[in-house]
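Q: Just passing along the structure, written as structure tokens.
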Amino acid sequence: MSLVLHQLRYDQKAFWRNPAAVFFTVMFPVVLLLIFATVFGDQTVDVAGGIETTAYYVPAIITLAVISATMQSLAMSLVIAREDGRLKRGRGTPLPAWVFIAGRIGNSVVVALLMLILIAALGRVLYGVAIPWGEAPAILVTLIVGAASFSCLGIALTAAIPSQDAAAPIVNALLLPLYFLSGVFIPDDELPQGVIDFANHFPIRDFFQAFFNAYLPGGQSGLDWGNLAVVAIWGVVGLLLAVRFFRWTPRGG
């Protein structure tokens with residue numbers, strides 16, 4: 001455990017000292033929240049009996065921020081480290097492989113928790129979106145299950161990314177369309193049923209629904225066990241794929 005904590009502290013320092021990583025993981029969701037809330041803030045959406053768009057986009061952007069801090073960040077950073085030879089050199093040290101992976105996942109979960117606090121606070125201060133303190137346990141459980149599952153999927157995805165240059169295009173090409181189709185960017189009432197049915201085949205939709213139900217005051221609050229179970233199953237599949245196909249050496253070496 002002491003090794004895990006040491007590795008976690010190192011990964012935290014490395015993350016916050018990387019301006020590009022901080023911008024795209026922390027500031028990009030904030031910018032999206034400001035854009036959506038400013039453009040559509042005076043409207044309502046026919047979701048959960050009708051709510052303001054600001055109340056819709058706060059949990060939606062938190063969902064995006066969690067996935068960005070876990071799956072997206074891990075997939076790209078691990079591929080870059082692999083192709084640079086840093087993972088290969090790390091395997092030659094006494095540090096156990098599982099400690100290295102645990103540190104990276106722990107860092108992603110910490111950043112996801114910070115994004116939850118930041119987006120929720122901005123939503124409350126700037127747009128008056130209430131923070132559902134009574135649902136804090138359900139929100140935290142949902143976030144932790146989602147963060148762990150998408151971390152495993154991010155590590156598994158590295159096996160399909162051949163180079164540093166391909167990391168960002170592949171990850172973004174996979175995630176951005178699913179954000180639109182899953183209701184993160186476009187409210188459910190404006191999406192055709194066929195689009196939602198398609199999105200239901202992927203974990204982003206299930207995680208968004210689970211987090212939305214936990215966060216929205218007065219809605220279907222509490223733990224959404226059905227959608228959480230689907231997210232957890234995806235996480236287990238990602239873990240098994242990561243164990244089987246994760247590479248420590250560059251593709252050419």
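Scheme for the structure tokens: letters A, B, ... for chains in order shown; per-chain residue numbers from 1; ligand numbers from 1 in order shown.
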Which neighbours of Leu140 in chain A fall inside 10 Å, counting only C-alpha atoms, when residues of the same chain fewer than 5 positions from it are skipped, and could you give them as number ranges by chain?

A: A: 113, 116, 135, 145-146, 211, 214-215, 223

Q: For N, CA, C and O atoms, I'd like the residues from the last selection saved as an mmCIF file, in the first residue's frame.

A:
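The result, written out as part03.cif:
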data_model
loop_
_atom_site.group_PDB
_atom_site.id
_atom_site.type_symbol
_atom_site.label_atom_id
_atom_site.label_comp_id
_atom_site.auth_asym_id
_atom_site.auth_seq_id
_atom_site.Cartn_x
_atom_site.Cartn_y
_atom_site.Cartn_z
ATOM 1 N N LEU A 113 -13.002 12.863 -9.012
ATOM 2 C CA LEU A 113 -13.654 13.414 -7.825
ATOM 3 C C LEU A 113 -13.520 14.930 -7.779
ATOM 4 O O LEU A 113 -14.480 15.639 -7.436
ATOM 5 N N LEU A 116 -15.971 16.418 -10.187
ATOM 6 C CA LEU A 116 -17.322 16.406 -9.619
ATOM 7 C C LEU A 116 -17.525 17.636 -8.742
ATOM 8 O O LEU A 116 -18.545 18.346 -8.866
ATOM 9 N N GLU A 135 -28.173 12.980 -1.641
ATOM 10 C CA GLU A 135 -27.855 11.854 -2.522
ATOM 11 C C GLU A 135 -26.349 11.652 -2.667
ATOM 12 O O GLU A 135 -25.901 10.941 -3.570
ATOM 13 N N VAL A 145 -17.743 3.637 -9.316
ATOM 14 C CA VAL A 145 -17.942 2.496 -10.220
ATOM 15 C C VAL A 145 -17.641 2.904 -11.660
ATOM 16 O O VAL A 145 -16.951 2.188 -12.399
ATOM 17 N N GLY A 146 -18.132 4.080 -12.054
ATOM 18 C CA GLY A 146 -17.874 4.548 -13.413
ATOM 19 C C GLY A 146 -16.407 4.833 -13.658
ATOM 20 O O GLY A 146 -15.864 4.446 -14.697
ATOM 21 N N PHE A 211 -25.702 8.276 -13.400
ATOM 22 C CA PHE A 211 -25.262 9.482 -12.699
ATOM 23 C C PHE A 211 -26.361 10.543 -12.698
ATOM 24 O O PHE A 211 -26.568 11.228 -11.688
ATOM 25 N N ALA A 214 -28.891 9.748 -10.068
ATOM 26 C CA ALA A 214 -28.382 9.968 -8.715
ATOM 27 C C ALA A 214 -28.278 11.455 -8.394
ATOM 28 O O ALA A 214 -28.483 11.862 -7.239
ATOM 29 N N TYR A 215 -28.002 12.272 -9.382
ATOM 30 C CA TYR A 215 -27.701 13.688 -9.144
ATOM 31 C C TYR A 215 -28.938 14.577 -9.168
ATOM 32 O O TYR A 215 -28.999 15.574 -8.451
ATOM 33 N N LEU A 223 -29.428 5.079 -6.129
ATOM 34 C CA LEU A 223 -28.573 4.239 -6.965
ATOM 35 C C LEU A 223 -29.385 3.572 -8.069
ATOM 36 O O LEU A 223 -30.392 2.917 -7.802
#

Q: List as a PDB file with all heavy atoms, in the first residue's frame the protein and nucleic acid residues near Tyr127 in chain A, meaning an atom at most 10 Å away when only C-alpha atoms are counted, but skip any in the same chain fewer than 3 places from it.

A:
ATOM      1  N   LEU A  34     -19.938  26.065 -19.528  1.00  0.00           N
ATOM      2  CA  LEU A  34     -20.222  27.484 -19.713  1.00  0.00           C
ATOM      3  C   LEU A  34     -20.909  27.738 -21.054  1.00  0.00           C
ATOM      4  O   LEU A  34     -21.839  28.549 -21.139  1.00  0.00           O
ATOM      5  CB  LEU A  34     -18.928  28.289 -19.626  1.00  0.00           C
ATOM      6  CG  LEU A  34     -18.209  28.264 -18.265  1.00  0.00           C
ATOM      7  CD1 LEU A  34     -16.893  29.026 -18.355  1.00  0.00           C
ATOM      8  CD2 LEU A  34     -19.085  28.839 -17.172  1.00  0.00           C
ATOM      9  N   ALA A  37     -24.592  26.044 -20.944  1.00  0.00           N
ATOM     10  CA  ALA A  37     -25.463  26.741 -19.998  1.00  0.00           C
ATOM     11  C   ALA A  37     -25.767  28.163 -20.454  1.00  0.00           C
ATOM     12  O   ALA A  37     -26.867  28.677 -20.221  1.00  0.00           O
ATOM     13  CB  ALA A  37     -24.813  26.759 -18.615  1.00  0.00           C
ATOM     14  N   THR A  38     -24.810  28.804 -21.114  1.00  0.00           N
ATOM     15  CA  THR A  38     -25.024  30.176 -21.587  1.00  0.00           C
ATOM     16  C   THR A  38     -25.955  30.205 -22.797  1.00  0.00           C
ATOM     17  O   THR A  38     -26.871  31.036 -22.880  1.00  0.00           O
ATOM     18  CB  THR A  38     -23.685  30.831 -21.951  1.00  0.00           C
ATOM     19  OG1 THR A  38     -22.843  30.867 -20.787  1.00  0.00           O
ATOM     20  CG2 THR A  38     -23.904  32.250 -22.443  1.00  0.00           C
ATOM     21  N   GLY A  41     -29.397  28.263 -21.516  1.00  0.00           N
ATOM     22  CA  GLY A  41     -29.745  28.389 -20.107  1.00  0.00           C
ATOM     23  C   GLY A  41     -31.170  28.798 -19.821  1.00  0.00           C
ATOM     24  O   GLY A  41     -31.698  28.508 -18.746  1.00  0.00           O
ATOM     25  N   THR A  54     -29.828  24.010 -17.568  1.00  0.00           N
ATOM     26  CA  THR A  54     -28.652  24.069 -16.699  1.00  0.00           C
ATOM     27  C   THR A  54     -28.634  22.880 -15.734  1.00  0.00           C
ATOM     28  O   THR A  54     -27.574  22.300 -15.470  1.00  0.00           O
ATOM     29  CB  THR A  54     -28.634  25.376 -15.905  1.00  0.00           C
ATOM     30  OG1 THR A  54     -29.915  25.587 -15.292  1.00  0.00           O
ATOM     31  CG2 THR A  54     -28.321  26.546 -16.810  1.00  0.00           C
ATOM     32  N   ALA A  55     -29.812  22.508 -15.219  1.00  0.00           N
ATOM     33  CA  ALA A  55     -29.890  21.347 -14.322  1.00  0.00           C
ATOM     34  C   ALA A  55     -29.575  20.058 -15.075  1.00  0.00           C
ATOM     35  O   ALA A  55     -29.078  19.092 -14.471  1.00  0.00           O
ATOM     36  CB  ALA A  55     -31.277  21.262 -13.684  1.00  0.00           C
ATOM     37  N   VAL A  58     -25.383  20.059 -15.929  1.00  0.00           N
ATOM     38  CA  VAL A  58     -24.412  19.860 -14.845  1.00  0.00           C
ATOM     39  C   VAL A  58     -24.063  18.376 -14.683  1.00  0.00           C
ATOM     40  O   VAL A  58     -22.879  18.004 -14.762  1.00  0.00           O
ATOM     41  CB  VAL A  58     -24.908  20.477 -13.529  1.00  0.00           C
ATOM     42  CG1 VAL A  58     -24.047  20.005 -12.351  1.00  0.00           C
ATOM     43  CG2 VAL A  58     -24.861  21.995 -13.603  1.00  0.00           C
ATOM     44  N   ALA A 121     -19.944  22.788  -8.070  1.00  0.00           N
ATOM     45  CA  ALA A 121     -19.831  24.116  -7.468  1.00  0.00           C
ATOM     46  C   ALA A 121     -20.133  25.207  -8.489  1.00  0.00           C
ATOM     47  O   ALA A 121     -20.846  26.184  -8.187  1.00  0.00           O
ATOM     48  CB  ALA A 121     -18.436  24.304  -6.872  1.00  0.00           C
ATOM     49  N   LEU A 122     -19.609  25.080  -9.707  1.00  0.00           N
ATOM     50  CA  LEU A 122     -19.886  26.068 -10.744  1.00  0.00           C
ATOM     51  C   LEU A 122     -21.372  26.096 -11.090  1.00  0.00           C
ATOM     52  O   LEU A 122     -21.951  27.170 -11.291  1.00  0.00           O
ATOM     53  CB  LEU A 122     -19.057  25.761 -11.996  1.00  0.00           C
ATOM     54  CG  LEU A 122     -17.557  26.034 -11.900  1.00  0.00           C
ATOM     55  CD1 LEU A 122     -16.851  25.561 -13.164  1.00  0.00           C
ATOM     56  CD2 LEU A 122     -17.286  27.524 -11.680  1.00  0.00           C
ATOM     57  N   GLY A 123     -21.976  24.928 -11.171  1.00  0.00           N
ATOM     58  CA  GLY A 123     -23.404  24.875 -11.454  1.00  0.00           C
ATOM     59  C   GLY A 123     -24.231  25.562 -10.381  1.00  0.00           C
ATOM     60  O   GLY A 123     -25.218  26.246 -10.678  1.00  0.00           O
ATOM     61  N   ARG A 124     -23.818  25.407  -9.137  1.00  0.00           N
ATOM     62  CA  ARG A 124     -24.551  26.037  -8.033  1.00  0.00           C
ATOM     63  C   ARG A 124     -24.336  27.543  -8.005  1.00  0.00           C
ATOM     64  O   ARG A 124     -25.295  28.320  -7.862  1.00  0.00           O
ATOM     65  CB  ARG A 124     -24.089  25.435  -6.698  1.00  0.00           C
ATOM     66  CG  ARG A 124     -24.795  26.023  -5.478  1.00  0.00           C
ATOM     67  CD  ARG A 124     -26.242  25.597  -5.476  1.00  0.00           C
ATOM     68  NE  ARG A 124     -26.981  26.184  -4.364  1.00  0.00           N
ATOM     69  CZ  ARG A 124     -27.660  27.337  -4.434  1.00  0.00           C
ATOM     70  NH1 ARG A 124     -27.666  28.021  -5.574  1.00  0.00           N
ATOM     71  NH2 ARG A 124     -28.319  27.800  -3.402  1.00  0.00           N
ATOM     72  N   ALA A 130     -29.069  23.230  -7.763  1.00  0.00           N
ATOM     73  CA  ALA A 130     -28.891  22.738  -6.396  1.00  0.00           C
ATOM     74  C   ALA A 130     -27.973  21.523  -6.360  1.00  0.00           C
ATOM     75  O   ALA A 130     -28.007  20.671  -7.258  1.00  0.00           O
ATOM     76  CB  ALA A 130     -30.244  22.380  -5.789  1.00  0.00           C
TER      77      ALA A 130
END

Q: Of the candidates A:Thr142, A:Gln209, A:Asn18, A:Thr25, which one gets nearest to Val184 in chain A if we count only C-alpha atoms?

A: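 Once distances to Val184 in chain A are computed over only C-alpha atoms, the minimum belongs to A:Gln209.
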
Q: For Ala120 in chain A, which residue among A:Gly194, A:Gly134, A:Gly92, A:Pro59 is the nearest when counting only C-alpha atoms?

A: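 Checking each of A:Gly194, A:Gly134, A:Gly92, A:Pro59 against Ala120 in chain A, counting only C-alpha atoms, the winner is A:Pro59.
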
Q: Which one of A:Leu239, A:Cys152, A:Ile105, A:Ile67 sits closest to Arg205 in chain A if you count only C-alpha atoms?

A: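 Ranking A:Leu239, A:Cys152, A:Ile105, A:Ile67 by distance to Arg205 in chain A, first place goes to A:Ile67.
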